[in-house]
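Structure file data22.txt; described as compact mmCIF, C-alpha atoms.
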# COMPACT_ATOMS: atom_id res chain seq x y z
CA MET A 1 9.14 -30.39 2.92
CA LYS A 2 9.89 -30.02 6.60
CA LYS A 3 7.50 -27.43 7.97
CA ILE A 4 4.13 -26.89 6.31
CA ALA A 5 1.75 -23.98 6.92
CA PHE A 6 -1.99 -24.52 6.43
CA THR A 7 -4.41 -21.59 6.50
CA THR A 8 -7.20 -22.35 8.95
CA SER A 9 -10.03 -20.76 10.85
CA GLY A 10 -9.58 -23.19 13.75
CA ASN A 11 -6.79 -24.52 15.93
CA ASN A 12 -6.46 -28.26 15.28
CA LEU A 13 -6.09 -30.77 12.44
CA GLU A 14 -9.85 -31.29 12.18
CA ALA A 15 -10.45 -27.55 11.79
CA GLU A 16 -11.67 -26.02 8.54
CA MET A 17 -9.22 -24.69 6.00
CA ASP A 18 -9.39 -20.91 5.54
CA PRO A 19 -9.42 -20.32 1.76
CA ARG A 20 -7.66 -16.96 2.18
CA PHE A 21 -3.94 -16.59 2.69
CA GLY A 22 -3.24 -12.93 3.50
CA ARG A 23 -6.21 -12.49 5.77
CA ALA A 24 -6.43 -16.07 7.04
CA ALA A 25 -7.43 -16.34 10.69
CA SER A 26 -4.45 -18.54 11.64
CA PHE A 27 -1.74 -20.80 10.34
CA LEU A 28 -1.43 -24.40 11.48
CA LEU A 29 2.29 -25.17 11.25
CA TYR A 30 2.86 -28.88 10.79
CA ASP A 31 6.28 -30.32 11.55
CA MET A 32 6.83 -33.36 9.31
CA SER A 33 9.63 -34.97 11.32
CA GLN A 34 7.91 -34.59 14.69
CA GLN A 35 4.42 -35.15 13.22
CA SER A 36 3.22 -32.40 15.51
CA PHE A 37 1.71 -28.99 14.99
CA THR A 38 1.54 -25.51 16.46
CA ILE A 39 -0.87 -22.65 15.79
CA LEU A 40 0.38 -19.26 14.66
CA GLU A 41 -2.11 -16.41 14.66
CA ASN A 42 -2.20 -14.05 11.69
CA GLN A 43 -3.29 -11.03 13.71
CA GLN A 44 -0.84 -8.48 12.28
CA ALA A 45 -1.68 -9.16 8.63
CA ARG A 46 -5.43 -9.35 9.26
CA ASN A 47 -5.34 -5.88 10.76
CA ALA A 48 -3.22 -4.37 8.00
CA ALA A 49 -5.03 -1.88 5.77
CA GLN A 50 -2.93 -2.94 2.83
CA GLY A 51 -0.26 -5.52 2.14
CA ALA A 52 -1.86 -8.28 4.20
CA GLY A 53 -0.53 -10.98 1.87
CA ILE A 54 3.02 -9.66 2.10
CA GLN A 55 2.78 -9.45 5.88
CA ALA A 56 1.37 -12.98 6.13
CA ALA A 57 4.15 -14.26 3.88
CA GLU A 58 6.73 -12.62 6.15
CA THR A 59 5.10 -14.19 9.19
CA ILE A 60 5.34 -17.76 7.90
CA VAL A 61 8.82 -17.30 6.40
CA ARG A 62 10.08 -16.08 9.76
CA ALA A 63 8.45 -19.13 11.38
CA GLY A 64 10.68 -21.34 9.23
CA VAL A 65 7.96 -22.62 6.89
CA ASP A 66 9.08 -24.11 3.56
CA THR A 67 5.68 -25.23 2.24
CA LEU A 68 2.30 -23.48 2.21
CA VAL A 69 -1.09 -25.10 1.61
CA THR A 70 -3.93 -22.61 1.20
CA GLY A 71 -7.03 -21.91 -0.84
CA HIS A 72 -5.80 -18.94 -2.83
CA CYS A 73 -2.63 -16.89 -2.88
CA GLY A 74 -2.44 -13.43 -4.46
CA PRO A 75 0.39 -12.02 -6.58
CA LYS A 76 2.26 -9.96 -3.98
CA ALA A 77 2.28 -12.73 -1.37
CA PHE A 78 3.36 -15.21 -4.04
CA LYS A 79 6.27 -13.00 -5.06
CA VAL A 80 7.54 -12.84 -1.46
CA LEU A 81 7.04 -16.58 -0.89
CA GLU A 82 8.76 -17.45 -4.14
CA ALA A 83 11.75 -15.24 -3.32
CA ALA A 84 11.99 -16.90 0.10
CA GLY A 85 11.82 -20.37 -1.46
CA VAL A 86 8.45 -21.40 -0.03
CA ALA A 87 6.50 -23.86 -2.21
CA VAL A 88 2.83 -22.94 -2.55
CA PHE A 89 0.06 -25.52 -2.99
CA ASN A 90 -3.57 -24.61 -3.63
CA SER A 91 -6.14 -26.90 -2.07
CA THR A 92 -9.91 -26.95 -1.80
CA ALA A 93 -9.87 -29.53 1.02
CA ALA A 94 -12.43 -28.93 3.73
CA THR A 95 -10.19 -29.58 6.71
CA VAL A 96 -6.49 -29.26 7.48
CA ALA A 97 -6.25 -33.04 7.92
CA ASP A 98 -7.72 -33.62 4.44
CA ALA A 99 -5.31 -31.09 2.93
CA LEU A 100 -2.36 -32.73 4.71
CA GLU A 101 -3.42 -36.14 3.46
CA ALA A 102 -3.72 -34.85 -0.12
CA LEU A 103 -0.30 -33.21 0.12
CA GLN A 104 1.33 -36.38 1.47
CA ALA A 105 -0.39 -38.51 -1.19
CA GLY A 106 1.17 -36.23 -3.80
CA SER A 107 -2.16 -35.21 -5.28
CA LEU A 108 -1.45 -31.46 -4.95
CA THR A 109 0.82 -29.76 -7.47
CA ALA A 110 2.98 -26.80 -6.57
CA ALA A 111 1.63 -23.51 -7.92
CA ALA A 112 3.85 -21.81 -10.48
CA ALA A 113 2.12 -18.45 -10.00
CA SER A 114 -0.53 -16.76 -7.92
CA ASP A 115 -3.96 -18.18 -8.69
CA VAL A 116 -5.98 -15.03 -8.09
CA GLU A 117 -5.72 -11.26 -8.65
CA GLY A 118 -4.86 -8.99 -5.73
CA HIS A 119 -7.76 -8.23 -3.33
CA TRP A 120 -9.76 -11.14 -4.76
CA MET B 1 -9.30 34.33 7.70
CA ALA B 2 -6.86 31.47 7.60
CA ALA B 3 -3.35 32.32 8.63
CA THR B 4 -1.60 32.12 5.27
CA SER B 5 0.76 34.49 3.60
CA ARG B 6 -1.47 36.91 1.72
CA ASN B 7 0.40 37.39 -1.50
CA ARG B 8 -2.13 35.37 -3.40
CA SER B 9 -5.81 35.43 -4.17
CA PHE B 10 -8.23 33.53 -1.94
CA ARG B 11 -9.10 29.85 -2.19
CA ILE B 12 -12.49 28.37 -1.35
CA ALA B 13 -12.85 24.63 -0.77
CA VAL B 14 -16.19 22.92 -1.37
CA ALA B 15 -16.57 19.81 0.79
CA SER B 16 -19.35 17.83 2.39
CA GLY B 17 -18.62 14.79 4.48
CA LYS B 18 -21.48 12.86 2.89
CA GLY B 19 -21.08 11.93 -0.77
CA GLY B 20 -23.61 12.95 -3.39
CA THR B 21 -24.74 16.17 -1.73
CA GLY B 22 -23.85 18.34 -4.72
CA LYS B 23 -20.27 19.53 -4.17
CA THR B 24 -19.43 19.44 -7.86
CA THR B 25 -22.74 21.04 -8.84
CA VAL B 26 -22.12 23.90 -6.39
CA SER B 27 -18.46 24.26 -7.41
CA ILE B 28 -19.19 24.49 -11.12
CA ASN B 29 -22.14 26.86 -10.78
CA LEU B 30 -20.32 29.05 -8.32
CA ALA B 31 -17.40 29.26 -10.75
CA ALA B 32 -19.75 29.99 -13.65
CA MET B 33 -21.35 32.90 -11.78
CA PHE B 34 -18.23 34.14 -10.01
CA GLY B 35 -18.26 37.45 -11.86
CA GLU B 36 -14.53 37.36 -12.59
CA PRO B 37 -12.00 34.85 -13.91
CA VAL B 38 -11.64 31.99 -11.45
CA GLN B 39 -9.84 28.68 -11.16
CA LEU B 40 -11.74 25.48 -10.52
CA ALA B 41 -9.70 22.59 -9.12
CA ASP B 42 -11.15 19.10 -9.38
CA CYS B 43 -9.57 17.47 -6.33
CA ASP B 44 -11.82 14.41 -6.44
CA VAL B 45 -8.96 12.68 -8.22
CA GLU B 46 -10.41 9.18 -7.85
CA GLU B 47 -13.34 10.16 -10.04
CA PRO B 48 -12.87 13.64 -11.51
CA ASN B 49 -16.05 14.80 -13.25
CA VAL B 50 -15.92 18.61 -13.44
CA ASN B 51 -14.77 18.54 -17.07
CA LEU B 52 -17.84 16.51 -18.04
CA PHE B 53 -19.66 19.80 -17.51
CA LEU B 54 -17.01 22.31 -18.57
CA ARG B 55 -15.84 20.38 -21.64
CA CYS B 56 -12.60 22.32 -22.11
CA GLU B 57 -11.50 22.31 -25.73
CA GLN B 58 -7.94 21.49 -24.88
CA LEU B 59 -6.32 19.98 -21.81
CA VAL B 60 -2.60 20.13 -21.17
CA THR B 61 -1.66 17.07 -19.16
CA GLU B 62 1.38 16.43 -16.97
CA GLN B 63 2.40 13.29 -15.14
CA VAL B 64 2.37 13.14 -11.35
CA SER B 65 4.96 10.79 -9.99
CA MET B 66 6.38 9.68 -6.68
CA LEU B 67 9.85 8.36 -5.93
CA VAL B 68 9.96 4.62 -5.24
CA PRO B 69 13.00 2.46 -4.45
CA GLU B 70 14.91 0.47 -7.00
CA VAL B 71 17.23 -2.28 -5.79
CA ASP B 72 20.60 -3.03 -7.35
CA PRO B 73 20.76 -6.84 -7.14
CA GLY B 74 24.54 -6.75 -7.33
CA ARG B 75 24.81 -4.68 -4.16
CA CYS B 76 21.86 -5.99 -2.09
CA THR B 77 22.97 -8.52 0.50
CA GLY B 78 19.46 -9.24 1.78
CA CYS B 79 20.28 -7.82 5.21
CA GLY B 80 16.66 -6.81 5.74
CA ALA B 81 17.26 -3.27 7.05
CA CYS B 82 14.98 -1.71 4.42
CA GLY B 83 12.10 -4.09 5.10
CA GLU B 84 12.36 -3.55 8.85
CA LEU B 85 12.02 0.19 8.39
CA CYS B 86 9.09 0.11 5.96
CA GLN B 87 5.71 0.18 7.70
CA PHE B 88 3.77 -0.19 4.47
CA ARG B 89 5.44 -3.34 3.04
CA GLY B 90 6.56 -1.25 0.08
CA ILE B 91 9.90 -3.04 0.32
CA VAL B 92 10.40 -6.51 1.77
CA SER B 93 13.61 -8.40 2.34
CA LEU B 94 13.62 -11.90 3.80
CA GLY B 95 17.17 -13.16 3.53
CA SER B 96 16.99 -12.68 -0.18
CA ARG B 97 17.26 -9.68 -2.47
CA ALA B 98 14.84 -6.94 -1.41
CA LEU B 99 11.52 -6.93 -3.26
CA VAL B 100 9.79 -3.63 -4.10
CA PHE B 101 6.01 -3.18 -4.23
CA PRO B 102 5.57 0.30 -5.73
CA GLU B 103 1.80 0.28 -5.16
CA LEU B 104 2.35 0.06 -1.39
CA CYS B 105 5.25 2.53 -1.22
CA HIS B 106 4.51 5.94 0.31
CA GLY B 107 7.65 7.50 -1.15
CA CYS B 108 9.40 8.42 2.11
CA GLY B 109 12.83 7.38 0.85
CA GLY B 110 13.75 5.84 4.23
CA CYS B 111 14.84 2.52 2.73
CA ALA B 112 17.52 4.22 0.62
CA GLN B 113 18.75 6.02 3.76
CA VAL B 114 19.10 2.90 5.92
CA CYS B 115 20.60 0.61 3.27
CA PRO B 116 24.18 -0.07 4.45
CA ASN B 117 25.30 -1.12 0.97
CA ALA B 118 23.95 1.79 -1.06
CA ALA B 119 21.96 -0.77 -3.07
CA ILE B 120 18.82 1.38 -3.21
CA THR B 121 18.27 4.30 -5.51
CA GLU B 122 14.96 6.06 -6.15
CA ARG B 123 13.13 6.35 -9.44
CA PRO B 124 9.91 8.16 -10.35
CA HIS B 125 6.78 6.02 -10.46
CA GLN B 126 3.72 7.56 -12.11
CA ILE B 127 0.63 7.66 -9.88
CA GLY B 128 -1.61 10.07 -11.79
CA THR B 129 -1.92 13.13 -13.98
CA VAL B 130 -2.81 16.81 -13.65
CA SER B 131 -4.54 18.53 -16.56
CA VAL B 132 -5.10 22.23 -17.12
CA GLY B 133 -7.69 23.72 -19.45
CA GLN B 134 -9.85 26.77 -20.02
CA ALA B 135 -13.62 27.03 -20.44
CA GLY B 136 -14.83 30.62 -20.75
CA SER B 137 -13.76 32.49 -17.61
CA ILE B 138 -12.94 29.27 -15.77
CA ARG B 139 -9.43 27.84 -15.61
CA LEU B 140 -9.77 24.13 -14.85
CA VAL B 141 -7.10 22.16 -12.99
CA GLU B 142 -8.02 18.50 -12.85
CA GLY B 143 -6.23 15.74 -10.94
CA ARG B 144 -6.66 12.14 -12.00
CA LEU B 145 -5.35 9.14 -10.09
CA ASP B 146 -4.12 6.21 -12.18
CA VAL B 147 -6.18 3.03 -12.00
CA GLY B 148 -4.83 0.69 -9.32
CA VAL B 149 -3.14 3.45 -7.31
CA SER B 150 -4.40 4.17 -3.82
CA LEU B 151 -2.21 7.11 -2.78
CA VAL B 152 -4.50 10.09 -3.28
CA PRO B 153 -2.91 13.04 -1.41
CA PRO B 154 0.20 13.41 -3.63
CA VAL B 155 -2.03 13.89 -6.71
CA ILE B 156 -4.13 16.48 -4.86
CA ARG B 157 -0.95 18.30 -3.83
CA ALA B 158 0.08 18.33 -7.49
CA VAL B 159 -3.28 19.91 -8.37
CA ARG B 160 -2.74 22.62 -5.74
CA GLU B 161 0.74 23.29 -7.10
CA GLN B 162 -0.76 23.98 -10.54
CA LEU B 163 -3.04 26.71 -9.14
CA ARG B 164 -1.98 30.23 -9.94
CA ASP B 165 -1.68 32.75 -7.13
CA ASP B 166 -3.07 35.73 -9.03
CA MET B 167 -6.58 34.32 -9.51
CA PRO B 168 -9.11 33.11 -6.94
CA ALA B 169 -9.69 29.36 -6.81
CA ILE B 170 -12.56 27.04 -5.97
CA LEU B 171 -11.45 23.55 -4.92
CA ASP B 172 -13.97 20.75 -5.39
CA ALA B 173 -13.03 18.28 -2.63
CA PRO B 174 -13.61 14.54 -2.57
CA PRO B 175 -16.30 13.30 -0.14
CA GLY B 176 -15.48 12.28 3.41
CA THR B 177 -13.23 13.84 6.02
CA SER B 178 -10.05 11.77 5.63
CA CYS B 179 -6.58 12.47 4.19
CA PRO B 180 -7.69 13.41 0.64
CA VAL B 181 -10.03 16.07 2.03
CA VAL B 182 -7.38 17.41 4.40
CA ALA B 183 -4.95 17.55 1.46
CA THR B 184 -7.52 19.64 -0.45
CA LEU B 185 -8.24 22.00 2.46
CA ARG B 186 -4.60 22.87 3.16
CA GLU B 187 -3.93 26.55 2.43
CA CYS B 188 -7.60 27.26 1.73
CA ASP B 189 -9.16 30.39 3.20
CA TYR B 190 -12.77 29.32 3.42
CA LEU B 191 -14.73 26.09 3.50
CA LEU B 192 -18.12 25.81 1.86
CA LEU B 193 -19.97 22.77 3.18
CA VAL B 194 -22.68 21.26 0.99
CA THR B 195 -25.24 19.12 2.73
CA ASP B 196 -28.79 17.86 2.39
CA PRO B 197 -31.53 17.72 5.04
CA THR B 198 -31.23 13.98 5.66
CA PRO B 199 -29.96 12.13 8.74
CA PHE B 200 -26.78 11.13 6.86
CA GLY B 201 -26.32 14.64 5.53
CA LEU B 202 -26.48 16.14 9.02
CA HIS B 203 -24.36 13.42 10.58
CA ASP B 204 -21.55 13.90 8.08
CA LEU B 205 -21.88 17.69 8.18
CA LYS B 206 -21.02 17.48 11.87
CA LEU B 207 -17.87 15.51 11.02
CA ALA B 208 -16.91 18.09 8.40
CA VAL B 209 -17.50 20.95 10.86
CA ALA B 210 -15.24 19.18 13.36
CA LEU B 211 -12.59 19.00 10.65
CA ALA B 212 -12.99 22.72 9.89
CA ARG B 213 -12.57 23.47 13.58
CA GLU B 214 -9.40 21.37 13.70
CA LEU B 215 -7.98 23.31 10.74
CA SER B 216 -9.26 26.68 12.04
CA LEU B 217 -11.15 27.28 8.79
CA PRO B 218 -14.14 29.60 8.67
CA CYS B 219 -17.09 27.96 6.96
CA GLY B 220 -20.58 28.42 5.56
CA VAL B 221 -23.24 25.97 4.46
CA VAL B 222 -25.13 25.26 1.25
CA VAL B 223 -28.28 23.17 1.76
CA ASN B 224 -29.06 21.18 -1.36
CA ARG B 225 -32.38 19.49 -2.14
CA ALA B 226 -33.84 21.68 0.57
CA GLY B 227 -37.37 20.81 1.55
CA GLU B 228 -38.98 19.97 4.82
CA ASP B 229 -36.23 19.95 7.46
CA LEU B 230 -37.03 16.81 9.44
CA VAL B 231 -33.62 16.46 11.00
CA GLY B 232 -33.03 19.91 12.54
CA LEU B 233 -30.34 20.95 10.06
CA TYR B 234 -31.04 24.67 10.22
CA GLN B 235 -31.24 24.57 14.00
CA TYR B 236 -27.85 22.87 14.09
CA CYS B 237 -26.33 25.51 11.79
CA GLN B 238 -27.70 28.28 13.98
CA THR B 239 -26.38 26.68 17.17
CA GLU B 240 -22.94 26.20 15.60
CA ASN B 241 -22.88 29.75 14.22
CA LEU B 242 -22.70 28.50 10.63
CA PRO B 243 -24.25 30.84 8.06
CA VAL B 244 -26.50 29.11 5.52
CA LEU B 245 -25.39 30.91 2.36
CA LEU B 246 -27.70 29.13 -0.08
CA SER B 247 -30.66 26.75 0.00
CA LEU B 248 -31.23 25.01 -3.33
CA PRO B 249 -34.72 23.58 -3.64
CA ASP B 250 -35.39 19.95 -4.50
CA ASP B 251 -36.29 20.70 -8.10
CA ARG B 252 -36.56 18.05 -10.82
CA GLN B 253 -35.36 20.58 -13.45
CA ILE B 254 -31.96 20.75 -11.72
CA ALA B 255 -31.57 16.98 -11.97
CA GLU B 256 -32.61 17.01 -15.62
CA VAL B 257 -30.13 19.72 -16.60
CA SER B 258 -27.32 18.04 -14.66
CA SER B 259 -28.03 14.63 -16.13
CA ARG B 260 -27.45 16.10 -19.58
CA GLY B 261 -24.09 17.46 -18.47
CA ASN B 262 -25.24 21.06 -18.61
CA VAL B 263 -24.59 23.87 -16.16
CA ILE B 264 -27.67 24.84 -14.13
CA ALA B 265 -26.66 28.49 -13.82
CA HIS B 266 -26.69 28.77 -17.62
CA ALA B 267 -29.74 26.63 -18.36
CA LEU B 268 -31.95 27.91 -15.55
CA PRO B 269 -31.38 31.68 -15.09
CA GLU B 270 -33.29 31.86 -11.78
CA TYR B 271 -30.69 29.52 -10.29
CA GLY B 272 -27.92 31.47 -11.99
CA LEU B 273 -28.98 34.47 -9.91
CA MET B 274 -28.85 32.37 -6.74
CA PHE B 275 -25.28 31.31 -7.48
CA ALA B 276 -24.26 34.89 -8.30
CA GLU B 277 -25.66 35.83 -4.91
CA LEU B 278 -23.71 32.98 -3.30
CA ALA B 279 -20.52 34.31 -4.92
CA ALA B 280 -21.23 37.79 -3.55
CA LYS B 281 -21.91 36.43 -0.06
CA LEU B 282 -18.72 34.39 -0.13
CA LYS B 283 -16.64 37.41 -1.07
CA GLN B 284 -18.23 39.21 1.87
CA GLU B 285 -17.54 36.23 4.16
CA LEU B 286 -13.90 36.29 3.11
CA LYS B 287 -13.65 39.87 4.27
CA THR B 288 -15.39 39.29 7.60
CA ALA B 289 -15.76 35.62 8.31
CA GLY B 290 -19.13 35.17 10.01
CA GLY B 291 -19.04 31.44 10.58
CA ARG B 292 -16.22 30.10 12.63
CA PRO B 293 -17.32 26.93 14.39
Could you take the file, read its structure, and then write that structure out as structure tokens?
Amino acid sequence: MKKIAFTTSGNNLEAEMDPRFGRAASFLLYDMSQQSFTILENQQARNAAQGAGIQAAETIVRAGVDTLVTGHCGPKAFKVLEAAGVAVFNSTAATVADALEALQAGSLTAAAASDVEGHW
Amino acid sequence: MAATSRNRSFRIAVASGKGGTGKTTVSINLAAMFGEPVQLADCDVEEPNVNLFLRCEQLVTEQVSMLVPEVDPGRCTGCGACGELCQFRGIVSLGSRALVFPELCHGCGGCAQVCPNAAITERPHQIGTVSVGQAGSIRLVEGRLDVGVSLVPPVIRAVREQLRDDMPAILDAPPGTSCPVVATLRECDYLLLVTDPTPFGLHDLKLAVALARELSLPCGVVVNRAGEDLVGLYQYCQTENLPVLLSLPDDRQIAEVSSRGNVIAHALPEYGLMFAELAAKLKQELKTAGGRP
């Protein structure tokens, strides 16, 4: 667990989590060793007519992410993330900071499959 | 007349822009009163409903499929060339074996072309069906998209391919003015636009007329649920040089007959005459197209 992506509608650790993955507003990329973060916008996937989840998965894989914390992840995105070796955690935390804390405390379990149908 | 090779009988598309104006009602009744054997193509493949009215005794059904990639895991090196080419995320490769998402594939075959390791072959993937049946003098060709599939035009093309050349055809288009409608209108000779005298009806009629202009298709108008024209529909048709070939009144009996799945032209003879007249006018229009927007 080196680089974690959180789906968020804001741009800092106190920002709200975005429950969506494919059409999330942005990703907060948290670097565990540096304990710092950057914001990666999800513009391309949000504007896609179809395949937003796949596009979003590509975006974070290319950014070097190995762990994803989000509200829900659909089947196509999950398939791409799984093939790329990204661990997926579902969280209902209100803010990115809360989700990070829960992840570090070990209270989130890695998802074995997508937790929702496509286009949920 | 549309510039097509004239070794086949004419094809009339029934479209509308706005949904629920009565395209299917007009198509079926026109076919019923056509005065000669005619083909009726249900191109609203996302929700085909013509056969609810025709009730053909027997339908012969064929699969419609599209070629999608299949990856040989032994040959794929995960180079990513296929995924870079695909604009629809139908195939994705991120340093691992390429993953195929058939429901997003558009069947272009590009991935198989760019694969440097010949790891991609193509296999047919079913996206829908085309059924052919007969009801009296009407030969039905019905397209039906499989549940969960979003690629409509290939199924409509398959419907068109099932149409015979030696018999005229009426094509019942899906609503709107996007790709499925364009796929229906290809190779048609005349466009019959069904509308109603409402703001939405007129608004979407204008979009459909713009589409007809783009495709250089002559067209005429059927006004359904005609009553008081509060939106200037007839004025618009006159200005645009669009002949109004039929005005169907807003009559409760029509709704009652339709709701039972019966054909108006058969159940209500006075309307049968109106559709026979529409058929005659259309045949005249096909000889000397009056309305070319």
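The gap separating CA of Val68 (chain B) from CA of Ser150 (chain B) is 14.4 Å, in Å to one decimal.
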Could you give me, as JSON lines, a per-residue list for chain A showing, wherever an atom lies at most 10 Å from an atom of chain B, the closest pair of atoms and their distance in Å to one decimal, using all atoms listed in the file and sorting by chain then residue number from low to high?
{"residue": "A:Ala48", "atom": "CA", "partner": "B:Phe88", "partner_atom": "CA", "distance": 8.9}
{"residue": "A:Ala49", "atom": "CA", "partner": "B:Phe88", "partner_atom": "CA", "distance": 9.1}
{"residue": "A:Gln50", "atom": "CA", "partner": "B:Leu104", "partner_atom": "CA", "distance": 7.4}
{"residue": "A:Gly51", "atom": "CA", "partner": "B:Arg89", "partner_atom": "CA", "distance": 6.2}
{"residue": "A:Ala52", "atom": "CA", "partner": "B:Arg89", "partner_atom": "CA", "distance": 8.9}
{"residue": "A:Gly53", "atom": "CA", "partner": "B:Arg89", "partner_atom": "CA", "distance": 9.8}
{"residue": "A:Ile54", "atom": "CA", "partner": "B:Arg89", "partner_atom": "CA", "distance": 6.8}
{"residue": "A:Gln55", "atom": "CA", "partner": "B:Arg89", "partner_atom": "CA", "distance": 7.2}
{"residue": "A:Ala57", "atom": "CA", "partner": "B:Leu94", "partner_atom": "CA", "distance": 9.8}
{"residue": "A:Glu58", "atom": "CA", "partner": "B:Leu94", "partner_atom": "CA", "distance": 7.3}
{"residue": "A:Val61", "atom": "CA", "partner": "B:Leu94", "partner_atom": "CA", "distance": 7.7}
{"residue": "A:Arg62", "atom": "CA", "partner": "B:Leu94", "partner_atom": "CA", "distance": 8.1}
{"residue": "A:Lys76", "atom": "CA", "partner": "B:Phe101", "partner_atom": "CA", "distance": 7.8}
{"residue": "A:Lys79", "atom": "CA", "partner": "B:Leu99", "partner_atom": "CA", "distance": 8.2}
{"residue": "A:Val80", "atom": "CA", "partner": "B:Leu99", "partner_atom": "CA", "distance": 7.3}
{"residue": "A:Leu81", "atom": "CA", "partner": "B:Leu94", "partner_atom": "CA", "distance": 9.3}
{"residue": "A:Ala83", "atom": "CA", "partner": "B:Ser96", "partner_atom": "CA", "distance": 6.6}
{"residue": "A:Ala84", "atom": "CA", "partner": "B:Leu94", "partner_atom": "CA", "distance": 6.4}
{"residue": "A:Gly85", "atom": "CA", "partner": "B:Ser96", "partner_atom": "CA", "distance": 9.4}
For region 238-245 of chain B, work out the shell of residues within 12 Å, counting all atoms listed in the file and skipping chain neighbours fewer than 5 positions away, then give it as a PDB file with C-alpha atoms, keeping the file's coordinate frame.
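The resulting file, selection_15.pdb, is reproduced below:
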ATOM      1  CA  VAL B  26     -22.120  23.900  -6.390  1.00  0.00           C
ATOM      2  CA  LEU B  30     -20.320  29.050  -8.320  1.00  0.00           C
ATOM      3  CA  LEU B 191     -14.730  26.090   3.500  1.00  0.00           C
ATOM      4  CA  LEU B 192     -18.120  25.810   1.860  1.00  0.00           C
ATOM      5  CA  LEU B 193     -19.970  22.770   3.180  1.00  0.00           C
ATOM      6  CA  VAL B 194     -22.680  21.260   0.990  1.00  0.00           C
ATOM      7  CA  THR B 195     -25.240  19.120   2.730  1.00  0.00           C
ATOM      8  CA  ASP B 196     -28.790  17.860   2.390  1.00  0.00           C
ATOM      9  CA  LEU B 205     -21.880  17.690   8.180  1.00  0.00           C
ATOM     10  CA  LYS B 206     -21.020  17.480  11.870  1.00  0.00           C
ATOM     11  CA  VAL B 209     -17.500  20.950  10.860  1.00  0.00           C
ATOM     12  CA  ALA B 210     -15.240  19.180  13.360  1.00  0.00           C
ATOM     13  CA  ALA B 212     -12.990  22.720   9.890  1.00  0.00           C
ATOM     14  CA  ARG B 213     -12.570  23.470  13.580  1.00  0.00           C
ATOM     15  CA  LEU B 217     -11.150  27.280   8.790  1.00  0.00           C
ATOM     16  CA  PRO B 218     -14.140  29.600   8.670  1.00  0.00           C
ATOM     17  CA  CYS B 219     -17.090  27.960   6.960  1.00  0.00           C
ATOM     18  CA  GLY B 220     -20.580  28.420   5.560  1.00  0.00           C
ATOM     19  CA  VAL B 221     -23.240  25.970   4.460  1.00  0.00           C
ATOM     20  CA  VAL B 222     -25.130  25.260   1.250  1.00  0.00           C
ATOM     21  CA  VAL B 223     -28.280  23.170   1.760  1.00  0.00           C
ATOM     22  CA  ASN B 224     -29.060  21.180  -1.360  1.00  0.00           C
ATOM     23  CA  ALA B 226     -33.840  21.680   0.570  1.00  0.00           C
ATOM     24  CA  GLY B 232     -33.030  19.910  12.540  1.00  0.00           C
ATOM     25  CA  LEU B 233     -30.340  20.950  10.060  1.00  0.00           C
ATOM     26  CA  MET B 274     -28.850  32.370  -6.740  1.00  0.00           C
ATOM     27  CA  PHE B 275     -25.280  31.310  -7.480  1.00  0.00           C
ATOM     28  CA  ALA B 276     -24.260  34.890  -8.300  1.00  0.00           C
ATOM     29  CA  GLU B 277     -25.660  35.830  -4.910  1.00  0.00           C
ATOM     30  CA  LEU B 278     -23.710  32.980  -3.300  1.00  0.00           C
ATOM     31  CA  ALA B 279     -20.520  34.310  -4.920  1.00  0.00           C
ATOM     32  CA  ALA B 280     -21.230  37.790  -3.550  1.00  0.00           C
ATOM     33  CA  LYS B 281     -21.910  36.430  -0.060  1.00  0.00           C
ATOM     34  CA  LEU B 282     -18.720  34.390  -0.130  1.00  0.00           C
ATOM     35  CA  LYS B 283     -16.640  37.410  -1.070  1.00  0.00           C
ATOM     36  CA  GLN B 284     -18.230  39.210   1.870  1.00  0.00           C
ATOM     37  CA  GLU B 285     -17.540  36.230   4.160  1.00  0.00           C
ATOM     38  CA  ALA B 289     -15.760  35.620   8.310  1.00  0.00           C
ATOM     39  CA  GLY B 290     -19.130  35.170  10.010  1.00  0.00           C
ATOM     40  CA  GLY B 291     -19.040  31.440  10.580  1.00  0.00           C
ATOM     41  CA  ARG B 292     -16.220  30.100  12.630  1.00  0.00           C
ATOM     42  CA  PRO B 293     -17.320  26.930  14.390  1.00  0.00           C
TER      43      PRO B 293
END
Within 6 Å of region 12-23 of chain A using all atoms listed in the file, minus same-chain residues under 5 positions, as a VMD selection string: chain A and resid 7 46 52 to 53 56 70 to 73 94 to 97
Counting all atoms listed in the file, the option among A:Leu40, A:Val69, A:Gly10, A:Ala105 closest to Thr92 (chain A): A:Val69
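Shortest separation to Ala135 (chain B) among B:Leu246, B:Leu59, B:Leu67, B:Cys237 occurs at residue B:Leu59, atoms counted being all atoms listed in the file.
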Would you place a box with edges along x, y and z of the file around all atoms of region 33-44 of chain B listed there, add 3 Å to each of its six sides, and report the centre and edge lengths in Å to one decimal, as lines of an AutoDock Vina configuration file?
center_x = -15.5
center_y = 25.9
center_z = -10.1
size_x = 17.8
size_y = 29.0
size_z = 13.6
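The interatomic distance for the pair CA of Asp166 (chain B) and CA of Ile12 (chain B) works out to 14.2 Å.
CA of Asp44 (chain B) to CA of Arg252 (chain B) spans 25.4 Å [interatomic distance, one decimal].
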From the list A:Glu117, A:Ala93, A:Gly106, A:Ile39, which residue is nearest Gly74 (chain A) when using all atoms listed in the file? A:Glu117
At a cut-off of 6 Å, using all atoms listed in the file, what residues contact Leu28 (chain A)? Leave out same-chain residues fewer than 2 positions from it and give the result as a VMD selection string. chain A and resid 5 to 6 38 to 39
Deliver the residues from the most recent selection as a file, using C-alpha atoms, as an mmCIF file, in the coordinates of the input.
data_model
loop_
_atom_site.group_PDB
_atom_site.id
_atom_site.type_symbol
_atom_site.label_atom_id
_atom_site.label_comp_id
_atom_site.auth_asym_id
_atom_site.auth_seq_id
_atom_site.Cartn_x
_atom_site.Cartn_y
_atom_site.Cartn_z
ATOM 1 C CA ALA A 5 1.750 -23.980 6.920
ATOM 2 C CA PHE A 6 -1.990 -24.520 6.430
ATOM 3 C CA THR A 38 1.540 -25.510 16.460
ATOM 4 C CA ILE A 39 -0.870 -22.650 15.790
#
